[in-house]
Structures are given as structure tokens and as C-alpha cells.
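Below is upload14.tsv, which holds TSV, N, CA, C and O atoms.
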```
chain	number	residue	atom	x	y	z
A	1	MET	N	61.58	43.47	-30.27
A	1	MET	CA	62.55	44.36	-29.67
A	1	MET	C	63.15	43.81	-28.39
A	1	MET	O	64.14	44.32	-27.92
A	2	PHE	N	62.60	42.72	-27.86
A	2	PHE	CA	63.14	42.11	-26.64
A	2	PHE	C	63.90	40.81	-26.93
A	2	PHE	O	64.42	40.19	-26.01
A	3	ALA	N	63.97	40.42	-28.17
A	3	ALA	CA	64.58	39.13	-28.54
A	3	ALA	C	66.06	39.05	-28.22
A	3	ALA	O	66.58	37.95	-28.03
A	4	SER	N	66.74	40.17	-28.12
A	4	SER	CA	68.18	40.13	-27.85
A	4	SER	C	68.50	40.00	-26.37
A	4	SER	O	69.67	39.85	-26.00
A	5	ARG	N	67.50	40.03	-25.52
A	5	ARG	CA	67.74	39.89	-24.08
A	5	ARG	C	68.06	38.42	-23.75
A	5	ARG	O	67.39	37.52	-24.24
A	6	PRO	N	69.07	38.21	-22.92
A	6	PRO	CA	69.42	36.83	-22.56
A	6	PRO	C	68.26	36.10	-21.90
A	6	PRO	O	67.56	36.66	-21.05
A	7	GLY	N	68.02	34.89	-22.32
A	7	GLY	CA	66.98	34.06	-21.74
A	7	GLY	C	65.57	34.39	-22.18
A	7	GLY	O	64.62	33.83	-21.66
A	8	VAL	N	65.43	35.30	-23.13
A	8	VAL	CA	64.10	35.70	-23.60
A	8	VAL	C	63.92	35.27	-25.04
A	8	VAL	O	64.76	35.54	-25.90
A	9	GLU	N	62.84	34.57	-25.29
A	9	GLU	CA	62.43	34.24	-26.66
A	9	GLU	C	61.12	34.95	-26.91
A	9	GLU	O	60.24	34.97	-26.05
A	10	THR	N	60.98	35.54	-28.08
A	10	THR	CA	59.78	36.31	-28.37
A	10	THR	C	59.14	35.87	-29.68
A	10	THR	O	59.80	35.30	-30.55
A	11	ALA	N	57.87	36.14	-29.77
A	11	ALA	CA	57.11	35.96	-31.01
A	11	ALA	C	56.03	37.03	-30.99
A	11	ALA	O	55.59	37.47	-29.93
A	12	SER	N	55.62	37.44	-32.16
A	12	SER	CA	54.60	38.46	-32.27
A	12	SER	C	53.50	37.95	-33.19
A	12	SER	O	53.79	37.35	-34.23
A	13	ALA	N	52.27	38.19	-32.78
A	13	ALA	CA	51.12	37.79	-33.59
A	13	ALA	C	49.99	38.75	-33.29
A	13	ALA	O	49.94	39.37	-32.22
A	14	GLY	N	49.08	38.88	-34.25
A	14	GLY	CA	48.00	39.84	-34.09
A	14	GLY	C	46.62	39.22	-34.15
A	14	GLY	O	46.45	38.10	-34.63
A	15	LEU	N	45.65	39.97	-33.66
A	15	LEU	CA	44.27	39.52	-33.65
A	15	LEU	C	43.45	40.05	-34.81
A	15	LEU	O	42.35	39.57	-35.07
A	16	ALA	N	43.98	41.04	-35.52
A	16	ALA	CA	43.24	41.62	-36.65
A	16	ALA	C	43.18	40.62	-37.81
A	16	ALA	O	44.09	39.82	-38.01
A	17	PRO	N	42.09	40.66	-38.57
A	17	PRO	CA	41.95	39.73	-39.70
A	17	PRO	C	43.09	39.85	-40.72
A	17	PRO	O	43.44	38.88	-41.37
A	18	ASP	N	43.67	41.04	-40.82
A	18	ASP	CA	44.75	41.25	-41.79
A	18	ASP	C	46.14	41.21	-41.15
A	18	ASP	O	47.11	41.67	-41.75
A	19	ALA	N	46.25	40.63	-39.96
A	19	ALA	CA	47.54	40.57	-39.28
A	19	ALA	C	48.54	39.79	-40.12
A	19	ALA	O	48.20	38.77	-40.73
A	20	GLU	N	49.76	40.29	-40.16
A	20	GLU	CA	50.82	39.62	-40.90
A	20	GLU	C	51.04	38.20	-40.36
A	20	GLU	O	51.25	37.26	-41.11
A	21	GLU	N	50.97	38.06	-39.04
A	21	GLU	CA	51.08	36.76	-38.37
A	21	GLU	C	49.90	36.64	-37.41
A	21	GLU	O	49.93	37.17	-36.30
A	22	PRO	N	48.82	35.98	-37.81
A	22	PRO	CA	47.65	35.86	-36.93
A	22	PRO	C	47.93	34.95	-35.73
A	22	PRO	O	48.67	33.97	-35.85
A	23	VAL	N	47.34	35.28	-34.60
A	23	VAL	CA	47.46	34.44	-33.40
A	23	VAL	C	46.84	33.08	-33.68
A	23	VAL	O	45.76	32.97	-34.27
A	24	THR	N	47.53	32.04	-33.21
A	24	THR	CA	47.03	30.67	-33.32
A	24	THR	C	47.10	30.00	-31.95
A	24	THR	O	47.85	30.46	-31.07
A	25	PRO	N	46.40	28.90	-31.76
A	25	PRO	CA	46.54	28.15	-30.51
A	25	PRO	C	47.99	27.72	-30.26
A	25	PRO	O	48.42	27.65	-29.10
A	26	ASP	N	48.75	27.46	-31.30
A	26	ASP	CA	50.16	27.08	-31.12
A	26	ASP	C	50.97	28.21	-30.50
A	26	ASP	O	51.84	27.96	-29.66
A	27	HIS	N	50.70	29.45	-30.92
A	27	HIS	CA	51.39	30.59	-30.30
A	27	HIS	C	51.12	30.61	-28.80
A	27	HIS	O	52.02	30.81	-27.99
A	28	LEU	N	49.86	30.42	-28.44
A	28	LEU	CA	49.47	30.50	-27.04
A	28	LEU	C	50.04	29.35	-26.23
A	28	LEU	O	50.45	29.54	-25.08
A	29	ALA	N	50.10	28.17	-26.81
A	29	ALA	CA	50.68	27.02	-26.12
A	29	ALA	C	52.17	27.25	-25.85
A	29	ALA	O	52.70	26.86	-24.80
A	30	TRP	N	52.84	27.90	-26.78
A	30	TRP	CA	54.28	28.15	-26.68
A	30	TRP	C	54.61	29.21	-25.63
A	30	TRP	O	55.62	29.14	-24.94
A	31	ALA	N	53.75	30.20	-25.46
A	31	ALA	CA	54.06	31.38	-24.65
A	31	ALA	C	53.96	31.13	-23.15
A	31	ALA	O	53.04	30.46	-22.68
A	32	ASP	N	54.91	31.72	-22.42
A	32	ASP	CA	54.82	31.75	-20.96
A	32	ASP	C	54.05	32.99	-20.52
A	32	ASP	O	53.28	32.94	-19.57
A	33	LEU	N	54.29	34.10	-21.20
A	33	LEU	CA	53.60	35.36	-20.95
A	33	LEU	C	53.02	35.85	-22.27
A	33	LEU	O	53.66	35.73	-23.31
A	34	ILE	N	51.83	36.42	-22.20
A	34	ILE	CA	51.17	36.97	-23.39
A	34	ILE	C	50.87	38.43	-23.09
A	34	ILE	O	50.20	38.75	-22.11
A	35	PHE	N	51.40	39.31	-23.94
A	35	PHE	CA	51.18	40.74	-23.77
A	35	PHE	C	50.19	41.23	-24.82
A	35	PHE	O	50.27	40.84	-25.99
A	36	VAL	N	49.27	42.08	-24.39
A	36	VAL	CA	48.36	42.76	-25.31
A	36	VAL	C	48.47	44.25	-25.03
A	36	VAL	O	48.82	44.67	-23.93
A	37	MET	N	48.18	45.03	-26.05
A	37	MET	CA	48.29	46.49	-25.91
A	37	MET	C	47.11	47.07	-25.14
A	37	MET	O	47.29	47.90	-24.27
A	38	GLU	N	45.90	46.64	-25.49
A	38	GLU	CA	44.68	47.26	-24.95
A	38	GLU	C	43.78	46.22	-24.29
A	38	GLU	O	43.84	45.03	-24.62
A	39	ARG	N	42.89	46.69	-23.44
A	39	ARG	CA	41.91	45.81	-22.80
A	39	ARG	C	41.00	45.15	-23.83
A	39	ARG	O	40.61	44.00	-23.68
A	40	ALA	N	40.69	45.88	-24.89
A	40	ALA	CA	39.86	45.30	-25.95
A	40	ALA	C	40.56	44.11	-26.60
A	40	ALA	O	39.91	43.14	-26.99
A	41	HIS	N	41.88	44.17	-26.70
A	41	HIS	CA	42.63	43.04	-27.26
A	41	HIS	C	42.54	41.83	-26.33
A	41	HIS	O	42.40	40.69	-26.79
A	42	ARG	N	42.65	42.08	-25.04
A	42	ARG	CA	42.54	40.97	-24.08
A	42	ARG	C	41.16	40.32	-24.17
A	42	ARG	O	41.03	39.10	-24.16
A	43	ALA	N	40.12	41.15	-24.28
A	43	ALA	CA	38.76	40.62	-24.38
A	43	ALA	C	38.59	39.80	-25.66
A	43	ALA	O	37.99	38.71	-25.63
A	44	LYS	N	39.11	40.29	-26.76
A	44	LYS	CA	39.02	39.57	-28.03
A	44	LYS	C	39.80	38.25	-27.96
A	44	LYS	O	39.32	37.21	-28.43
A	45	LEU	N	40.96	38.28	-27.35
A	45	LEU	CA	41.76	37.07	-27.18
A	45	LEU	C	40.99	36.04	-26.35
A	45	LEU	O	40.94	34.86	-26.69
A	46	GLN	N	40.36	36.51	-25.28
A	46	GLN	CA	39.55	35.63	-24.42
A	46	GLN	C	38.39	35.01	-25.20
A	46	GLN	O	38.11	33.82	-25.07
A	47	ARG	N	37.71	35.84	-25.98
A	47	ARG	CA	36.56	35.33	-26.75
A	47	ARG	C	36.98	34.26	-27.76
A	47	ARG	O	36.31	33.26	-27.92
A	48	ARG	N	38.07	34.51	-28.44
A	48	ARG	CA	38.47	33.62	-29.53
A	48	ARG	C	39.27	32.40	-29.07
A	48	ARG	O	39.25	31.36	-29.74
A	49	PHE	N	39.99	32.52	-27.95
A	49	PHE	CA	40.94	31.47	-27.58
A	49	PHE	C	40.84	31.04	-26.12
A	49	PHE	O	41.81	30.52	-25.56
A	50	LYS	N	39.69	31.23	-25.50
A	50	LYS	CA	39.55	30.96	-24.06
A	50	LYS	C	40.12	29.61	-23.64
A	50	LYS	O	40.88	29.53	-22.68
A	51	PRO	N	39.79	28.52	-24.33
A	51	PRO	CA	40.33	27.22	-23.88
A	51	PRO	C	41.85	27.15	-23.92
A	51	PRO	O	42.47	26.43	-23.15
A	52	HIS	N	42.46	27.91	-24.80
A	52	HIS	CA	43.91	27.87	-24.97
A	52	HIS	C	44.64	28.80	-24.00
A	52	HIS	O	45.87	28.78	-23.95
A	53	LEU	N	43.90	29.58	-23.25
A	53	LEU	CA	44.51	30.53	-22.31
A	53	LEU	C	44.53	30.00	-20.89
A	53	LEU	O	45.05	30.66	-19.99
A	54	LYS	N	43.99	28.82	-20.68
A	54	LYS	CA	43.94	28.25	-19.33
A	54	LYS	C	45.36	28.11	-18.78
A	54	LYS	O	46.22	27.52	-19.41
A	55	GLY	N	45.58	28.72	-17.62
A	55	GLY	CA	46.89	28.67	-16.98
A	55	GLY	C	47.90	29.65	-17.55
A	55	GLY	O	49.05	29.67	-17.13
A	56	LYS	N	47.49	30.48	-18.50
A	56	LYS	CA	48.38	31.45	-19.11
A	56	LYS	C	48.20	32.82	-18.46
A	56	LYS	O	47.12	33.18	-18.02
A	57	ARG	N	49.27	33.58	-18.43
A	57	ARG	CA	49.20	34.93	-17.90
A	57	ARG	C	49.13	35.91	-19.06
A	57	ARG	O	50.05	35.98	-19.88
A	58	VAL	N	48.03	36.64	-19.13
A	58	VAL	CA	47.83	37.65	-20.17
A	58	VAL	C	47.96	39.03	-19.50
A	58	VAL	O	47.22	39.35	-18.59
A	59	ILE	N	48.91	39.80	-19.99
A	59	ILE	CA	49.22	41.09	-19.39
A	59	ILE	C	48.80	42.20	-20.36
A	59	ILE	O	49.26	42.24	-21.50
A	60	CYS	N	47.92	43.05	-19.89
A	60	CYS	CA	47.49	44.20	-20.68
A	60	CYS	C	48.39	45.39	-20.34
A	60	CYS	O	48.51	45.77	-19.18
A	61	LEU	N	49.02	45.94	-21.36
A	61	LEU	CA	49.96	47.05	-21.16
A	61	LEU	C	49.27	48.41	-21.11
A	61	LEU	O	49.89	49.41	-20.77
A	62	ASP	N	47.98	48.45	-21.43
A	62	ASP	CA	47.22	49.71	-21.45
A	62	ASP	C	47.93	50.77	-22.29
A	62	ASP	O	48.12	51.92	-21.87
A	63	ILE	N	48.31	50.36	-23.50
A	63	ILE	CA	48.92	51.27	-24.48
A	63	ILE	C	47.97	51.34	-25.67
A	63	ILE	O	47.66	50.30	-26.26
A	64	PRO	N	47.51	52.52	-26.04
A	64	PRO	CA	46.62	52.62	-27.21
A	64	PRO	C	47.31	52.06	-28.45
A	64	PRO	O	48.49	52.33	-28.70
A	65	ASP	N	46.57	51.28	-29.20
A	65	ASP	CA	47.13	50.64	-30.40
A	65	ASP	C	46.99	51.57	-31.60
A	65	ASP	O	46.36	51.24	-32.59
A	66	ASP	N	47.60	52.75	-31.49
A	66	ASP	CA	47.51	53.71	-32.58
A	66	ASP	C	48.88	54.27	-32.95
A	66	ASP	O	48.99	55.35	-33.52
A	67	TYR	N	49.92	53.53	-32.64
A	67	TYR	CA	51.28	53.92	-32.99
A	67	TYR	C	51.71	53.21	-34.26
A	67	TYR	O	51.24	52.11	-34.57
A	68	ASP	N	52.66	53.80	-34.96
A	68	ASP	CA	53.27	53.14	-36.11
A	68	ASP	C	54.28	52.11	-35.60
A	68	ASP	O	54.79	52.22	-34.48
A	69	PHE	N	54.59	51.14	-36.45
A	69	PHE	CA	55.56	50.10	-36.11
A	69	PHE	C	56.89	50.74	-35.70
A	69	PHE	O	57.44	51.57	-36.43
A	70	MET	N	57.37	50.39	-34.51
A	70	MET	CA	58.64	50.84	-33.96
A	70	MET	C	58.73	52.37	-33.81
A	70	MET	O	59.83	52.93	-33.76
A	71	GLN	N	57.59	53.04	-33.72
A	71	GLN	CA	57.59	54.47	-33.45
A	71	GLN	C	58.33	54.70	-32.13
A	71	GLN	O	58.09	53.99	-31.15
A	72	PRO	N	59.24	55.67	-32.07
A	72	PRO	CA	60.05	55.87	-30.87
A	72	PRO	C	59.24	55.98	-29.57
A	72	PRO	O	59.65	55.45	-28.54
A	73	GLU	N	58.11	56.66	-29.62
A	73	GLU	CA	57.28	56.78	-28.41
A	73	GLU	C	56.74	55.42	-27.97
A	73	GLU	O	56.66	55.13	-26.77
A	74	LEU	N	56.38	54.59	-28.93
A	74	LEU	CA	55.89	53.25	-28.62
A	74	LEU	C	57.02	52.40	-28.04
A	74	LEU	O	56.83	51.70	-27.04
A	75	VAL	N	58.18	52.46	-28.64
A	75	VAL	CA	59.33	51.69	-28.14
A	75	VAL	C	59.62	52.06	-26.70
A	75	VAL	O	59.83	51.19	-25.85
A	76	ALA	N	59.58	53.35	-26.38
A	76	ALA	CA	59.84	53.80	-25.01
A	76	ALA	C	58.79	53.27	-24.04
A	76	ALA	O	59.12	52.80	-22.94
A	77	LEU	N	57.53	53.30	-24.44
A	77	LEU	CA	56.45	52.76	-23.59
A	77	LEU	C	56.62	51.27	-23.37
A	77	LEU	O	56.48	50.77	-22.25
A	78	LEU	N	56.91	50.54	-24.43
A	78	LEU	CA	57.10	49.10	-24.32
A	78	LEU	C	58.28	48.77	-23.42
A	78	LEU	O	58.19	47.87	-22.56
A	79	GLU	N	59.38	49.46	-23.61
A	79	GLU	CA	60.55	49.24	-22.75
A	79	GLU	C	60.18	49.43	-21.28
A	79	GLU	O	60.55	48.63	-20.44
A	80	ARG	N	59.46	50.48	-20.99
A	80	ARG	CA	59.10	50.79	-19.62
A	80	ARG	C	58.12	49.77	-19.04
A	80	ARG	O	58.27	49.32	-17.90
A	81	LYS	N	57.13	49.38	-19.81
A	81	LYS	CA	56.06	48.53	-19.28
A	81	LYS	C	56.38	47.03	-19.32
A	81	LYS	O	55.97	46.29	-18.44
A	82	VAL	N	57.11	46.59	-20.32
A	82	VAL	CA	57.38	45.15	-20.47
A	82	VAL	C	58.60	44.73	-19.65
A	82	VAL	O	58.62	43.62	-19.10
A	83	ALA	N	59.57	45.59	-19.54
A	83	ALA	CA	60.83	45.24	-18.86
A	83	ALA	C	60.61	44.67	-17.46
A	83	ALA	O	61.32	43.76	-17.04
A	84	ALA	N	59.64	45.17	-16.75
A	84	ALA	CA	59.37	44.69	-15.39
A	84	ALA	C	58.97	43.22	-15.35
A	84	ALA	O	59.16	42.54	-14.33
A	85	PHE	N	58.44	42.70	-16.45
A	85	PHE	CA	57.99	41.31	-16.50
A	85	PHE	C	59.07	40.36	-16.99
A	85	PHE	O	58.90	39.14	-16.94
A	86	LEU	N	60.14	40.90	-17.54
A	86	LEU	CA	61.19	40.07	-18.09
A	86	LEU	C	62.29	39.91	-17.07
A	86	LEU	O	63.14	39.16	-17.09
```
Would you mind writing the file's structure down as C-alpha cells?
Amino acid sequence: MFASRPGVETASAGLAPDAEEPVTPDHLAWADLIFVMERAHRAKLQRRFKPHLKGKRVICLDIPDDYDFMQPELVALLERKVAAFL
């Protein structure tokens, strides 16, 4: 949802075993900023990819990961919380 902003490139990947696009070390190497929804996601990312996170900024949005894809309430929260970092 942020890909249309000038100067912003985005990618999305997940930590769940059934994620459509699982997180890889290449994703992390490419990213300048890494956003996670919950603190548990940040902890899982740290456990699985700690060496690849060195020097990376991981931002926890503190948004419960229980919304449907592009649910209007989620979009509003993301707009509010992510925009400050872009």
C-alpha cells in the first residue's frame, strides 16, 4: 500500500510457515527498514535471522495481527503508524 509513494520501494514477506512469500536473508539484506506488526514477530525474526539483522532497523508497529488483508481498519492503522517513517 506504500509502493506508490515517490522514493519508496516495498516488499512484503511473512514469518508463518504458510506465508505466501516467506522472509529470506535476501529480503533483509535489501531492506532499509523492516516493519513487523507485533512484538512476537520481532522476537521470531530475531531468533531466525539475527545475523542478517545486524545494522538493520526493525520497527514494531504494535498492531495485532488479526486483521483481514487490506481491511479498512488495518489500512488506517498502517497509514498512521508507517507514514512517520517514510
Identify all residues of region 8-67 of chain A in strand (DSSP E or B) (DSSP on the backbone) and supply them as an NGL selection string.
-> :A and (14 or 22 or 33-36 or 57-60)
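The space between atom N of Asp26 (chain A) and atom O of Arg48 (chain A) spans 10.4 Å.
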Determine, counting all atoms listed in the file, which protein, DNA and RNA residues have an atom within 6 Å of an atom of Ile63 (chain A); residues of the same chain fewer than 3 positions away are not included. Present the result as a PyMOL selection string.
-> chain A and resi 36-38+60+66
Convert the current residue selection to file output with N, CA, C and O atoms, as a PDB file, keeping the file's coordinate frame.
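Done, and the output landed in selection39.pdb:
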```
ATOM      1  N   VAL A  36      49.270  42.080 -24.390  1.00  0.00           N
ATOM      2  CA  VAL A  36      48.360  42.760 -25.310  1.00  0.00           C
ATOM      3  C   VAL A  36      48.470  44.250 -25.030  1.00  0.00           C
ATOM      4  O   VAL A  36      48.820  44.670 -23.930  1.00  0.00           O
ATOM      5  N   MET A  37      48.180  45.030 -26.050  1.00  0.00           N
ATOM      6  CA  MET A  37      48.290  46.490 -25.910  1.00  0.00           C
ATOM      7  C   MET A  37      47.110  47.070 -25.140  1.00  0.00           C
ATOM      8  O   MET A  37      47.290  47.900 -24.270  1.00  0.00           O
ATOM      9  N   GLU A  38      45.900  46.640 -25.490  1.00  0.00           N
ATOM     10  CA  GLU A  38      44.680  47.260 -24.950  1.00  0.00           C
ATOM     11  C   GLU A  38      43.780  46.220 -24.290  1.00  0.00           C
ATOM     12  O   GLU A  38      43.840  45.030 -24.620  1.00  0.00           O
ATOM     13  N   CYS A  60      47.920  43.050 -19.890  1.00  0.00           N
ATOM     14  CA  CYS A  60      47.490  44.200 -20.680  1.00  0.00           C
ATOM     15  C   CYS A  60      48.390  45.390 -20.340  1.00  0.00           C
ATOM     16  O   CYS A  60      48.510  45.770 -19.180  1.00  0.00           O
ATOM     17  N   ASP A  66      47.600  52.750 -31.490  1.00  0.00           N
ATOM     18  CA  ASP A  66      47.510  53.710 -32.580  1.00  0.00           C
ATOM     19  C   ASP A  66      48.880  54.270 -32.950  1.00  0.00           C
ATOM     20  O   ASP A  66      48.990  55.350 -33.520  1.00  0.00           O
TER      21      ASP A  66
END
```
Dump as a PDB file with N, CA, C and O atoms, in the coordinates of the input all residues having an atom at most 6 Å from (46.0, 39.2, -20.3), computed in the file's coordinates with all atoms listed in the file.
```pdb
ATOM      1  N   ILE A  34      51.830  36.420 -22.200  1.00  0.00           N
ATOM      2  CA  ILE A  34      51.170  36.970 -23.390  1.00  0.00           C
ATOM      3  C   ILE A  34      50.870  38.430 -23.090  1.00  0.00           C
ATOM      4  O   ILE A  34      50.200  38.750 -22.110  1.00  0.00           O
ATOM      5  N   VAL A  36      49.270  42.080 -24.390  1.00  0.00           N
ATOM      6  CA  VAL A  36      48.360  42.760 -25.310  1.00  0.00           C
ATOM      7  C   VAL A  36      48.470  44.250 -25.030  1.00  0.00           C
ATOM      8  O   VAL A  36      48.820  44.670 -23.930  1.00  0.00           O
ATOM      9  N   ARG A  42      42.650  42.080 -25.040  1.00  0.00           N
ATOM     10  CA  ARG A  42      42.540  40.970 -24.080  1.00  0.00           C
ATOM     11  C   ARG A  42      41.160  40.320 -24.170  1.00  0.00           C
ATOM     12  O   ARG A  42      41.030  39.100 -24.160  1.00  0.00           O
ATOM     13  N   ARG A  57      49.270  33.580 -18.430  1.00  0.00           N
ATOM     14  CA  ARG A  57      49.200  34.930 -17.900  1.00  0.00           C
ATOM     15  C   ARG A  57      49.130  35.910 -19.060  1.00  0.00           C
ATOM     16  O   ARG A  57      50.050  35.980 -19.880  1.00  0.00           O
ATOM     17  N   VAL A  58      48.030  36.640 -19.130  1.00  0.00           N
ATOM     18  CA  VAL A  58      47.830  37.650 -20.170  1.00  0.00           C
ATOM     19  C   VAL A  58      47.960  39.030 -19.500  1.00  0.00           C
ATOM     20  O   VAL A  58      47.220  39.350 -18.590  1.00  0.00           O
ATOM     21  N   ILE A  59      48.910  39.800 -19.990  1.00  0.00           N
ATOM     22  CA  ILE A  59      49.220  41.090 -19.390  1.00  0.00           C
ATOM     23  C   ILE A  59      48.800  42.200 -20.360  1.00  0.00           C
ATOM     24  O   ILE A  59      49.260  42.240 -21.500  1.00  0.00           O
ATOM     25  N   CYS A  60      47.920  43.050 -19.890  1.00  0.00           N
ATOM     26  CA  CYS A  60      47.490  44.200 -20.680  1.00  0.00           C
ATOM     27  C   CYS A  60      48.390  45.390 -20.340  1.00  0.00           C
ATOM     28  O   CYS A  60      48.510  45.770 -19.180  1.00  0.00           O
TER      29      CYS A  60
END
```
Which of chain A fall in alpha helix (DSSP H), as a PyMOL selection string | chain A and resi 25-30+39-49+72-82
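Relative to CA of Gly14 (chain A), CA of His52 (chain A) is found at 15.6 Å.
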If you measure from atom O of Arg47 (chain A) to atom O of Phe35 (chain A), what distance in Å do you get, rounded to one decimal?
-> 16.0 Å
From the set A:Val23, A:Glu9, A:Pro51, A:Leu61, which residue has the shortest atom-to-atom contact distance to Val82 (chain A), counting all atoms listed in the file?
-> A:Leu61
With a distance cut-off of 10 Å and only C-alpha atoms, select the neighbouring residues of region 79-81 of chain A, excluding the residue or stretch itself and same-chain residues fewer than 2 positions from it, and output the selection as a PyMOL selection string.
-> chain A and resi 1-2+60-63+73-77+83-86
Can you spit out the residues from that selection as a compact mmCIF listing (two decimals), in the frame of the given file, using N, CA, C and O atoms?
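Saved result, part.txt, follows:
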```txt
# COMPACT_ATOMS: atom_id res chain seq x y z
N MET A 1 61.58 43.47 -30.27
CA MET A 1 62.55 44.36 -29.67
C MET A 1 63.15 43.81 -28.39
O MET A 1 64.14 44.32 -27.92
N PHE A 2 62.60 42.72 -27.86
CA PHE A 2 63.14 42.11 -26.64
C PHE A 2 63.90 40.81 -26.93
O PHE A 2 64.42 40.19 -26.01
N CYS A 60 47.92 43.05 -19.89
CA CYS A 60 47.49 44.20 -20.68
C CYS A 60 48.39 45.39 -20.34
O CYS A 60 48.51 45.77 -19.18
N LEU A 61 49.02 45.94 -21.36
CA LEU A 61 49.96 47.05 -21.16
C LEU A 61 49.27 48.41 -21.11
O LEU A 61 49.89 49.41 -20.77
N ASP A 62 47.98 48.45 -21.43
CA ASP A 62 47.22 49.71 -21.45
C ASP A 62 47.93 50.77 -22.29
O ASP A 62 48.12 51.92 -21.87
N ILE A 63 48.31 50.36 -23.50
CA ILE A 63 48.92 51.27 -24.48
C ILE A 63 47.97 51.34 -25.67
O ILE A 63 47.66 50.30 -26.26
N GLU A 73 58.11 56.66 -29.62
CA GLU A 73 57.28 56.78 -28.41
C GLU A 73 56.74 55.42 -27.97
O GLU A 73 56.66 55.13 -26.77
N LEU A 74 56.38 54.59 -28.93
CA LEU A 74 55.89 53.25 -28.62
C LEU A 74 57.02 52.40 -28.04
O LEU A 74 56.83 51.70 -27.04
N VAL A 75 58.18 52.46 -28.64
CA VAL A 75 59.33 51.69 -28.14
C VAL A 75 59.62 52.06 -26.70
O VAL A 75 59.83 51.19 -25.85
N ALA A 76 59.58 53.35 -26.38
CA ALA A 76 59.84 53.80 -25.01
C ALA A 76 58.79 53.27 -24.04
O ALA A 76 59.12 52.80 -22.94
N LEU A 77 57.53 53.30 -24.44
CA LEU A 77 56.45 52.76 -23.59
C LEU A 77 56.62 51.27 -23.37
O LEU A 77 56.48 50.77 -22.25
N ALA A 83 59.57 45.59 -19.54
CA ALA A 83 60.83 45.24 -18.86
C ALA A 83 60.61 44.67 -17.46
O ALA A 83 61.32 43.76 -17.04
N ALA A 84 59.64 45.17 -16.75
CA ALA A 84 59.37 44.69 -15.39
C ALA A 84 58.97 43.22 -15.35
O ALA A 84 59.16 42.54 -14.33
N PHE A 85 58.44 42.70 -16.45
CA PHE A 85 57.99 41.31 -16.50
C PHE A 85 59.07 40.36 -16.99
O PHE A 85 58.90 39.14 -16.94
N LEU A 86 60.14 40.90 -17.54
CA LEU A 86 61.19 40.07 -18.09
C LEU A 86 62.29 39.91 -17.07
O LEU A 86 63.14 39.16 -17.09
```
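Distances to Lys54 (chain A) were evaluated for A:Leu28, A:Glu20, A:Leu78, A:Ser12 using all atoms listed in the file, and the minimum falls at A:Leu28.
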Around region 63-76 of chain A, fit a box with edges along x, y and z, padding it by 5 Å on each side, then list its centre and edge lengths in Å to one decimal as lines of an AutoDock Vina configuration file.
```
center_x = 53.2
center_y = 53.4
center_z = -29.7
size_x = 23.7
size_y = 16.7
size_z = 23.5
```
